[in-house]
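Inspection log for the structure reproduced underneath, given as structure tokens.
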Amino acid sequence: MKYSGTYFCGHDGTIDIWGPSKDRKWRIEKAFSGLCPECYEKKLKTDREKALSEARKRAEQRGFPEILGSKKQCDWALVLRDGFIEFAESVAEKAVDRKWPFPVDASIVSLGKDDIMEAAYYGCAVYTEARFWIDNRDEETKILQLSVQKYLRCKKEEPFKDVLQEIMEEKERERANLTVRPDDANKDGTVCFAQDEEGNLITAYPKDNDFIEIVKSKGLMWHNSNRNWRKIKTEFSDINNCVAELGNALLVRGFTVEFMNTAQRDAALSGNFNPEKKHWIKYAPAKEQLVICWHGKNDQLYEASKKLSNARWSKENQGILVPVEFYRQVEDFAEIYDFGFSEGAKKQIRKYKEKEAGFLRASVTKPGITGETSAGERLRRQLESGGTIIEELRDDA
């Protein structure tokens with residue numbers, strides 16, 4: 001049964017309550033004493049962002065290495081790893097009185113508070129894969145035992161080194177290897193690239209007219225709230241290609257650039273990247289047709305695309321619609337006017353080509369060609385085959 005009411009946050013809503021009537025009043029009061037679903041989701045998101053921000057800050061303070069994995073995996077693992085350290089601290093406090101919260105072997109019993117925390121930190125330095133922390137979530141005891149064992153083994157085999165310091169130094173060497181300063185550098189500082197949670201390309205640099213001109217020309221937009229420049233990820237964007245092209249333009253103008261990987265760096269230095277297309281051939285699923293799109297007003301492109309078979313302007317799609325079966329014309333058009341194809345458009349063209357491959361192929365004889373038998377001759381042959389000859393059709397002796 002549905003019940004209406006006002007949530008604690010002040011928003012009105014409706015809930016479904018089932019079960020014994022005697023419990024409904026209490027359940028209704030309890031439901032509306034909290035936040036509405038929308039506010040609750042916002043609170044969860046805010047709490048997650050806060051936990052992630054605090055975990056990231058503490059990781060930097062502790063000198064922990066970065067976690068490897070996708071952006072979402074790394075964010076989740078970062079919070080899980082931060083929670084593990086909190087768990088290790090509570091265990092270390094209890095270890096002072098040798099009151100372990102889980103069974104331990106003889107080698108671990110002898111560890112003091114400092115050794116336990118050093119072992120926990122060592123585990124954080126060793127286990128850098130996001131998948132490890134995600135797969136072992138809610139298994140802090142297991143992680144601590146594994147960390148202690150690795151720590152003791154390392155300490156026994158060789159003098160224990162500052163592992164975190166080594167890792168950080170290695171990370172700095174990697175960053176230096178990915179940072180390029182051109183011979184004719186004339187700009188201070190370094191332009192660094194990164195990706196946000198949605199995979200968008202982001203970068204920042206102190207206010208500089210040359211920098212602003214370059215990033216704008218490559219399609220980046222300024223986000224005032226985050227104080228950075230951002231290029232929205234789309235089905236057309238290849239992050240490595242985007243960074244290589246942008247990095248190349250910055251290096252040519254004298255900026256020092258730190259790339260995210262060697263592929264981006266090498267492509268930027270060699271110029272071996274594909275300049276980003278400004279115009280695209282997309283696919284409109286609702287129309288089941290290809291869409292020719294370009295930025296701004298362009299009479300030349302409009303007139304040229306309108307000449308394609310069955311082409312028509314679509315206000316909804318902001319482009320010229322063309323049936324997929326005329327893909328050859330569209331490909332010729334794209335080559336002439338330097339258009340790129342989206343993955344969706346490529347897929348539909350491939351599907352139509354496969355369909356074409358199944359069409360029956362045959363040679364066709366045109367009517368009225370030289371040598372064709374006349375109607376009279378055909379009649380004569382038919383009568384002769386039946387043993388009948390019409391006198392008017394008999395050859396003269």
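Naming scheme: A, B, ... for chains in displayed order of the structure tokens; residues 1 onward per chain; ligands 1 onward as shown.
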Subject >> Who sits within 12 Å of Ala176 in chain A, only C-alpha atoms, same chain under 5 positions skipped, as a list in words >> reply: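 Close residues of Ala176 in chain A: Glu169, Glu170, Lys171, Arg181, Thr190, Cys192, Thr256, Val257, Glu258, Phe259, Met260, Asn261, Thr262 and Arg265 of chain A.
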**OP:** Would you list the contacts of range 323-338 of chain A as a PyMOL selection string, taking every protein, DNA or RNA residue within 7 Å and counting only C-alpha atoms, but skipping same-chain residues closer than 2 positions in sequence?
**Re:** chain A and resi 289-290+308-310+321+340+349+352
**OP:** Name all residues at most 10 Å from Lys278 in chain A (count only C-alpha atoms; drop same-chain ones fewer than 6 positions away) and give them as number ranges by chain.
**Re:** A: 218-219, 293-295, 338-340
Tell me, counting only C-alpha atoms, for each residue of range 120-209 of chain A within 12 Å of range 220-224 of chain A, which pair of atoms is nearest and how far apart they are in Å to one decimal, in rows ordered by chain and increasing number, as a Markdown table.
| residue | atom | partner | partner_atom | distance |
| --- | --- | --- | --- | --- |
| A:Asn200 | CA | A:Leu220 | CA | 10.1 |
| A:Leu201 | CA | A:Leu220 | CA | 8.4 |
| A:Ile202 | CA | A:Leu220 | CA | 8.3 |
| A:Thr203 | CA | A:Leu220 | CA | 9.1 |
| A:Ala204 | CA | A:Trp222 | CA | 9.3 |
| A:Tyr205 | CA | A:Trp222 | CA | 11.4 |
| A:Lys207 | CA | A:Trp222 | CA | 11.5 |
Original post:
Using only C-alpha atoms, which of A:Glu198, A:Leu78, A:Gln318, A:Glu89 sits nearest Ser53 in chain A?
Top reply: A:Leu78
Original post:
For the atom pair CA of Trp76 in chain A and CA of Lys150 in chain A, what is the interatomic distance in Å to one decimal place?
Top reply: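 Between CA of Trp76 in chain A and CA of Lys150 in chain A the gap works out to 24.0 Å.
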Subject >> For CA of Leu152 in chain A and CA of Glu139 in chain A, the interatomic separation in Å (one decimal) >> reply: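 Computed distance, CA of Leu152 in chain A to CA of Glu139 in chain A, equals 20.3 Å.
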**OP:** Take CA of Arg48 in chain A and CA of Gly63 in chain A and report the distance between them in Å, one decimal.
**Re:**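 Rounded to one decimal, the two atoms are 22.1 Å apart.
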Original post:
Excluding same-chain residues fewer than 2 positions from range 8-12 of chain A, what lies within 10 Å of it counting only C-alpha atoms, as a list of chain:residue names?
Top reply: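 The residues satisfying every condition are A:Ser4, A:Gly5, A:Thr6, A:Thr14, A:Ala31, A:Phe32, A:Ser33, A:Gly34, A:Leu35, A:Cys36, A:Pro37, A:Glu38, A:Cys39, A:Tyr40.
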Restricted to all heavy atoms, what would the selected residues look like written as a short mmCIF file (atom, residue, chain, number, x, y, z; two decimals), in the first residue's frame?
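Below is the file result_28.cif, written as the result:
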data_model
loop_
_atom_site.label_atom_id
_atom_site.label_comp_id
_atom_site.auth_asym_id
_atom_site.auth_seq_id
_atom_site.Cartn_x
_atom_site.Cartn_y
_atom_site.Cartn_z
N SER A 4 1.85 8.60 1.59
CA SER A 4 2.53 9.86 1.28
C SER A 4 2.98 10.52 2.57
O SER A 4 2.38 10.33 3.64
CB SER A 4 1.59 10.80 0.50
OG SER A 4 1.20 10.21 -0.72
N GLY A 5 4.03 11.31 2.45
CA GLY A 5 4.55 11.99 3.63
C GLY A 5 5.69 12.92 3.27
O GLY A 5 6.03 13.09 2.10
N THR A 6 6.30 13.52 4.29
CA THR A 6 7.41 14.46 4.10
C THR A 6 8.65 13.90 4.78
O THR A 6 8.62 13.56 5.96
CB THR A 6 7.08 15.84 4.69
OG1 THR A 6 5.90 16.34 4.07
CG2 THR A 6 8.23 16.80 4.44
N THR A 14 6.34 9.35 -1.71
CA THR A 14 5.41 8.24 -1.50
C THR A 14 6.21 6.96 -1.32
O THR A 14 7.20 6.73 -2.02
CB THR A 14 4.47 8.09 -2.71
OG1 THR A 14 3.76 9.32 -2.92
CG2 THR A 14 3.46 6.97 -2.47
N ALA A 31 10.52 5.51 7.91
CA ALA A 31 10.89 5.80 6.52
C ALA A 31 10.99 7.29 6.27
O ALA A 31 11.94 7.77 5.64
CB ALA A 31 9.87 5.17 5.58
N PHE A 32 10.02 8.06 6.77
CA PHE A 32 10.01 9.49 6.52
C PHE A 32 10.91 10.27 7.48
O PHE A 32 11.07 11.48 7.33
CB PHE A 32 8.58 10.03 6.58
CG PHE A 32 7.75 9.68 5.37
CD1 PHE A 32 6.71 8.78 5.46
CD2 PHE A 32 8.06 10.23 4.14
CE1 PHE A 32 5.97 8.43 4.34
CE2 PHE A 32 7.31 9.91 3.01
CZ PHE A 32 6.27 9.00 3.11
N SER A 33 11.49 9.59 8.46
CA SER A 33 12.41 10.27 9.37
C SER A 33 13.79 10.45 8.74
O SER A 33 14.63 11.18 9.26
CB SER A 33 12.56 9.47 10.67
OG SER A 33 13.19 8.21 10.41
N GLY A 34 14.01 9.78 7.61
CA GLY A 34 15.30 9.89 6.92
C GLY A 34 15.21 10.81 5.72
O GLY A 34 14.28 11.60 5.57
N LEU A 35 16.20 10.70 4.85
CA LEU A 35 16.26 11.52 3.65
C LEU A 35 15.46 10.87 2.53
O LEU A 35 15.29 9.66 2.49
CB LEU A 35 17.72 11.69 3.19
CG LEU A 35 18.68 12.33 4.20
CD1 LEU A 35 20.11 12.30 3.66
CD2 LEU A 35 18.26 13.77 4.50
N CYS A 36 15.00 11.70 1.60
CA CYS A 36 14.31 11.16 0.43
C CYS A 36 15.35 10.44 -0.44
O CYS A 36 16.56 10.67 -0.30
CB CYS A 36 13.64 12.29 -0.36
SG CYS A 36 14.80 13.39 -1.23
N PRO A 37 14.92 9.57 -1.34
CA PRO A 37 15.87 8.81 -2.16
C PRO A 37 16.88 9.67 -2.89
O PRO A 37 18.07 9.35 -2.95
CB PRO A 37 14.96 8.06 -3.13
CG PRO A 37 13.68 7.89 -2.39
CD PRO A 37 13.52 9.14 -1.58
N GLU A 38 16.44 10.80 -3.44
CA GLU A 38 17.35 11.67 -4.19
C GLU A 38 18.41 12.28 -3.27
O GLU A 38 19.60 12.29 -3.60
CB GLU A 38 16.56 12.77 -4.90
CG GLU A 38 17.43 13.65 -5.79
CD GLU A 38 16.62 14.67 -6.57
OE1 GLU A 38 15.37 14.57 -6.56
OE2 GLU A 38 17.22 15.57 -7.16
N CYS A 39 17.97 12.79 -2.12
CA CYS A 39 18.92 13.40 -1.18
C CYS A 39 19.85 12.34 -0.59
O CYS A 39 21.03 12.61 -0.33
CB CYS A 39 18.16 14.10 -0.05
SG CYS A 39 17.35 15.63 -0.57
N TYR A 40 19.31 11.12 -0.41
CA TYR A 40 20.14 10.04 0.13
C TYR A 40 21.26 9.69 -0.85
O TYR A 40 22.41 9.49 -0.45
CB TYR A 40 19.27 8.82 0.40
CG TYR A 40 20.04 7.65 0.99
CD1 TYR A 40 20.55 7.70 2.28
CD2 TYR A 40 20.26 6.51 0.22
CE1 TYR A 40 21.25 6.63 2.81
CE2 TYR A 40 20.97 5.43 0.74
CZ TYR A 40 21.47 5.50 2.04
OH TYR A 40 22.17 4.45 2.55
#
Original post:
Running DSSP on the backbone, which parts of range 189-395 of chain A land in alpha helix (DSSP H), as a ChimeraX atom specification?
Top reply: /A:209-217,239-252,262-270,299-306,327-337,343-357,375-385
